[in-house]
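Trainee: Following this message is one structure expressed as structure tokens.
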Amino acid sequence: MRIAEHAILGPAPAAAEVTIAVDGRPLTARAGEPILMALLAHGIARCRTMPDTGAPRGLFCGVGRCPDCAMTVDGVLNVRTCVTPVREGMRIETQQGLGHWGNDGRRMTNDESAPHAAEEPGEQPRPSSLVTRHSSLITRHSSFVIVGAGPAGLAAALAAARAGARPLVLDEWPEPGGRLRHTLATVGDARGVALAGRLAERARESGVEFATGAVAWGLFAENALGVALGEERAVTLRPETVVLATGATDIAAPFPGWTLPGVFLTSAVERAITLHRVVPGARFLVVGAGADAVHAAETIRAGGGEVVATVPAGAVRRAAGDGRVERATVATDGGERDLAVDAVCLALGRVPDCALARQRDVALTYDAARGGHLPARDARGQTSVAGLYIAGEAAGALGAEAALRDGARVGCAAAGGDPADADALVADLLA
């Protein structure tokens, strides 16, 4: 269901309409929105079926990390519909199992005759200069690179710029801000959605460069970064300094029926409601406790959804329904209780995403608060690998404000400044 008037953010921004075809049925969509948001707005929850059982799958993570939303789009298999924007005339099909490769399937090529875009010496990679050539690998150099444009990455960039560096910030999303872009909770005195825009604007004014739509997929010897720009171009960056601000990912917990369409991670729900103004259900069960569950429930209610109940992790006995969630059974003091819900939101917290650091085989330390191992850092945020720093939630910070403070401190130190100077910057950013 589309949200015409958000309780906090007001009316949805104006957008042109396009026409798409879903399993041969013409539907309208908002130009630029993810395919799956258009489908959910029309009540379509199923994206694909499993090859072995035929069981349905739908939106789950909402950030392109899982295969559940894969569909066949314009004859191309396994398109991640939660992050792929719609365009006029797009043909979208429910993917049956692994699909079928044929004349319309994707065919990779190493065509050396494909044209290159003109580039200036020393130019940094930007999505606007993508080269339509497969398997191209071009070496770039930037002395100071930050991976991640969430609160830690943006704060690190601002602090580094103040200390005299000129950072290049890589992020996989179209706009900087990270999780803040779909966070209604307050960070300092502002809601996350407002703070995201403010931080990005300040960073640009400070000379920070952004490469959005850029996925840092590998970190190698001498801190060389492998970066994918779209699906058809790759570059290698060889910076002197790398700050990893890769954030954290939602925690999932299995229970019978958890793979049905209608079971979502928190980020999927928040992105749908706050960014795309689509509420992916009517009656929600929120699973979790503490601030994560509270914020998820507030987001759902602000979008017009009903929170039927909030239960702790482990309380869900099963979810069931014909093709999607229609009910859930939860444990009670006296036994079990059936709830008529069509959506289950898993608000179980987040786990640090430090995979790039671990590729470099950095030294690890056990973090009791997180219940696992994290990259060991010195007082300046540097790992055991020279020139490699890690900040924010990826380093174990809990929450957006803590990530912001840690990012500012590490960014300042990595640029050769005094980490103590970061406090004044953070106070200014949160004012």
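Chain labels follow the order of the structure tokens: the first chain is A, the next B, and so on; residue numbering restarts at 1 in every chain, and ligands are counted from 1 in their shown order.
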List the spatial neighbours of Ala268 in chain A as a list in words - criterion: any atom at most 6 Å away, only C-alpha atoms, same-chain residues fewer than 2 positions off excluded.
Mentor: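 Counting only the stated atoms, we get Cys61, Gly62, Leu265, Thr266, Glu270 and Arg271 of chain A.
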Trainee: Restricting it to all heavy atoms, dump the selection as a tab-separated table (two decimals), in the first residue's frame.
Mentor:
chain	number	residue	atom	x	y	z
A	61	CYS	N	15.65	-8.78	3.14
A	61	CYS	CA	16.64	-7.86	3.71
A	61	CYS	C	16.44	-6.42	3.26
A	61	CYS	O	16.72	-5.49	4.01
A	61	CYS	CB	18.05	-8.34	3.38
A	61	CYS	SG	18.58	-8.05	1.67
A	62	GLY	N	15.99	-6.22	2.04
A	62	GLY	CA	15.75	-4.87	1.54
A	62	GLY	C	16.98	-4.10	1.14
A	62	GLY	O	16.88	-2.93	0.76
A	265	LEU	N	13.38	-8.16	7.58
A	265	LEU	CA	14.31	-7.55	8.51
A	265	LEU	C	13.96	-6.08	8.67
A	265	LEU	O	13.28	-5.48	7.84
A	265	LEU	CB	15.75	-7.68	8.00
A	265	LEU	CG	16.30	-9.11	7.90
A	265	LEU	CD1	17.73	-9.09	7.37
A	265	LEU	CD2	16.24	-9.81	9.24
A	266	THR	N	14.43	-5.49	9.77
A	266	THR	CA	14.07	-4.11	10.08
A	266	THR	C	14.40	-3.15	8.95
A	266	THR	O	13.60	-2.26	8.62
A	266	THR	CB	14.78	-3.64	11.36
A	266	THR	OG1	14.59	-4.60	12.38
A	266	THR	CG2	14.26	-2.30	11.82
A	270	GLU	N	11.95	-0.34	7.25
A	270	GLU	CA	12.25	1.08	7.36
A	270	GLU	C	12.47	1.72	5.99
A	270	GLU	O	11.99	2.83	5.72
A	270	GLU	CB	13.49	1.29	8.23
A	270	GLU	CG	13.25	1.00	9.70
A	270	GLU	CD	14.49	1.27	10.54
A	270	GLU	OE1	15.57	1.45	9.95
A	270	GLU	OE2	14.37	1.30	11.78
A	271	ARG	N	13.20	1.04	5.12
A	271	ARG	CA	13.45	1.59	3.79
A	271	ARG	C	12.15	1.71	2.99
A	271	ARG	O	11.92	2.72	2.31
A	271	ARG	CB	14.46	0.73	3.03
A	271	ARG	CG	15.87	0.79	3.57
A	271	ARG	CD	16.83	-0.04	2.74
A	271	ARG	NE	16.96	0.49	1.40
A	271	ARG	CZ	17.75	1.50	1.06
A	271	ARG	NH1	18.49	2.08	1.99
A	271	ARG	NH2	17.81	1.93	-0.18
Trainee: Which is closest to Arg48 in chain A among A:Trp258, A:Gly323, A:Arg301, A:Trp217, if we use only C-alpha atoms?
Mentor: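 Smallest distance to Arg48 in chain A is found for A:Gly323.
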Trainee: Separation of CA of Thr53 in chain A and CA of Val316 in chain A, in Å?
Mentor: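 About the pair CA of Thr53 in chain A and CA of Val316 in chain A: they are 23.4 Å apart.
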Trainee: Which of these residues is nearest to Leu158 in chain A, using only C-alpha atoms: A:Ala196, A:Ala203, A:Ala414, A:Val344?
Mentor: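 Nearest to Leu158 in chain A: A:Ala203.
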Trainee: Got a sec: who's within 7 Å of Arg2 in chain A, counting only C-alpha atoms, leaving out chain neighbours fewer than 2 positions off, as a PyMOL selection string?
Mentor: chain A and resi 4+41+277-279
Trainee: Check range 107-310 of chain A with DSSP on the backbone and list each residue it calls strand (DSSP E), as a ChimeraX atom specification.
Mentor: /A:136-140,144-147,168-171,186-187,190-191,209-212,214-219,225-229,233-237,241-244,248-250,263-265,283-288,306-310
Trainee: Check the smallest atom-to-atom distance from each of A:Gly64, A:Glu33, A:Arg25, A:Leu180 to Glu93 in chain A using only C-alpha atoms, then report the winner.
Mentor: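 Answer, going by the shortest atom-to-atom distance: A:Arg25.
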Trainee: For the atom pair CA of Thr72 in chain A and CA of Gln95 in chain A, what is the interatomic distance in Å to one decimal place?
Mentor: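 Rounded to one decimal, the two atoms are 5.5 Å apart.
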Trainee: Compare A:Arg327, A:Arg350, A:Arg166, A:Arg202 by their minimum atom-to-atom distance to Gly247 in chain A, counting only C-alpha atoms, and give me the closest one.
Mentor: A:Arg350
Trainee: Would you mind listing what lies within 8 Å of Arg317 in chain A as a list of chain:residue names, with only C-alpha atoms counted and same-chain residues fewer than 4 positions away left out?
Mentor: A:Phe255, A:Pro256, A:Ala328, A:Thr329, A:Val330, A:Ala331
Trainee: I need the residues from that last selection saved to file as a PDB file, in the first residue's frame (with N, CA, C and O atoms), if you can.
Mentor:
ATOM      1  N   PHE A 255      12.720 -19.452  12.284  1.00  0.00           N
ATOM      2  CA  PHE A 255      11.620 -20.155  12.935  1.00  0.00           C
ATOM      3  C   PHE A 255      10.781 -20.753  11.812  1.00  0.00           C
ATOM      4  O   PHE A 255      10.918 -20.341  10.650  1.00  0.00           O
ATOM      5  N   PRO A 256       9.946 -21.735  12.072  1.00  0.00           N
ATOM      6  CA  PRO A 256       9.132 -22.314  11.002  1.00  0.00           C
ATOM      7  C   PRO A 256       8.314 -21.241  10.282  1.00  0.00           C
ATOM      8  O   PRO A 256       7.596 -20.469  10.920  1.00  0.00           O
ATOM      9  N   ALA A 328       0.596 -15.723  12.655  1.00  0.00           N
ATOM     10  CA  ALA A 328       1.799 -16.121  13.386  1.00  0.00           C
ATOM     11  C   ALA A 328       1.377 -16.634  14.756  1.00  0.00           C
ATOM     12  O   ALA A 328       0.391 -16.167  15.344  1.00  0.00           O
ATOM     13  N   THR A 329       2.122 -17.599  15.239  1.00  0.00           N
ATOM     14  CA  THR A 329       1.862 -18.174  16.559  1.00  0.00           C
ATOM     15  C   THR A 329       3.029 -17.810  17.467  1.00  0.00           C
ATOM     16  O   THR A 329       4.188 -18.019  17.120  1.00  0.00           O
ATOM     17  N   VAL A 330       2.697 -17.238  18.628  1.00  0.00           N
ATOM     18  CA  VAL A 330       3.736 -16.811  19.567  1.00  0.00           C
ATOM     19  C   VAL A 330       3.525 -17.499  20.908  1.00  0.00           C
ATOM     20  O   VAL A 330       2.404 -17.894  21.270  1.00  0.00           O
ATOM     21  N   ALA A 331       4.607 -17.657  21.640  1.00  0.00           N
ATOM     22  CA  ALA A 331       4.549 -18.272  22.963  1.00  0.00           C
ATOM     23  C   ALA A 331       3.990 -17.280  23.976  1.00  0.00           C
ATOM     24  O   ALA A 331       4.269 -16.078  23.915  1.00  0.00           O
TER      25      ALA A 331
END
Trainee: Got a sec: who's within 8 Å of Val263 in chain A, counting only C-alpha atoms, leaving out chain neighbours fewer than 4 positions off, as a list in words?
Mentor: Leu59, Phe60, Trp258, Thr259, Val325, Ala343, Val344, Cys345 and Leu346 of chain A
Trainee: By how many Å are CA of Gly335 in chain A and CA of Asp292 in chain A apart?
Mentor: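 Answer for the CA of Gly335 in chain A to CA of Asp292 in chain A separation: 26.1 Å.
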Trainee: Report the residues of range 247-311 of chain A whose backbone DSSP state falls under alpha helix (DSSP H), written as a VMD selection string.
Mentor: chain A and resid 266 to 270 290 to 302
Trainee: Determine the nearest neighbour of Ala302 in chain A from the options A:Leu229, A:Ala245, A:Val145, A:Ile273, counting only C-alpha atoms.
Mentor: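 Distance minimum relative to Ala302 in chain A lands on A:Ile273.
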Trainee: Just the residues within 10 Å of Pro174 in chain A, please, counting only C-alpha atoms, with nothing from its chain fewer than 5 positions along; format it as a VMD selection string.
Mentor: chain A and resid 127 211 to 214
Trainee: Do a neighbour search on Ala224 in chain A at 8 Å with only C-alpha atoms, toss out local chain neighbours closer than 6 positions, and write the hits as a PyMOL selection string.
Mentor: chain A and resi 236-239
Trainee: Keeping only N, CA, C and O atoms, write those residues as a PDB file, in the first residue's frame.
Mentor:
ATOM      1  N   THR A 236      40.507  -0.538  -9.476  1.00  0.00           N
ATOM      2  CA  THR A 236      41.327  -0.802  -8.308  1.00  0.00           C
ATOM      3  C   THR A 236      41.864   0.527  -7.793  1.00  0.00           C
ATOM      4  O   THR A 236      42.478   1.282  -8.548  1.00  0.00           O
ATOM      5  N   LEU A 237      41.604   0.815  -6.537  1.00  0.00           N
ATOM      6  CA  LEU A 237      42.146   2.005  -5.888  1.00  0.00           C
ATOM      7  C   LEU A 237      43.341   1.600  -5.040  1.00  0.00           C
ATOM      8  O   LEU A 237      43.320   0.550  -4.396  1.00  0.00           O
ATOM      9  N   ARG A 238      44.375   2.451  -5.033  1.00  0.00           N
ATOM     10  CA  ARG A 238      45.575   2.154  -4.253  1.00  0.00           C
ATOM     11  C   ARG A 238      45.869   3.333  -3.323  1.00  0.00           C
ATOM     12  O   ARG A 238      46.808   4.097  -3.537  1.00  0.00           O
ATOM     13  N   PRO A 239      45.066   3.480  -2.284  1.00  0.00           N
ATOM     14  CA  PRO A 239      45.231   4.617  -1.381  1.00  0.00           C
ATOM     15  C   PRO A 239      46.334   4.396  -0.355  1.00  0.00           C
ATOM     16  O   PRO A 239      46.739   3.261  -0.083  1.00  0.00           O
TER      17      PRO A 239
END
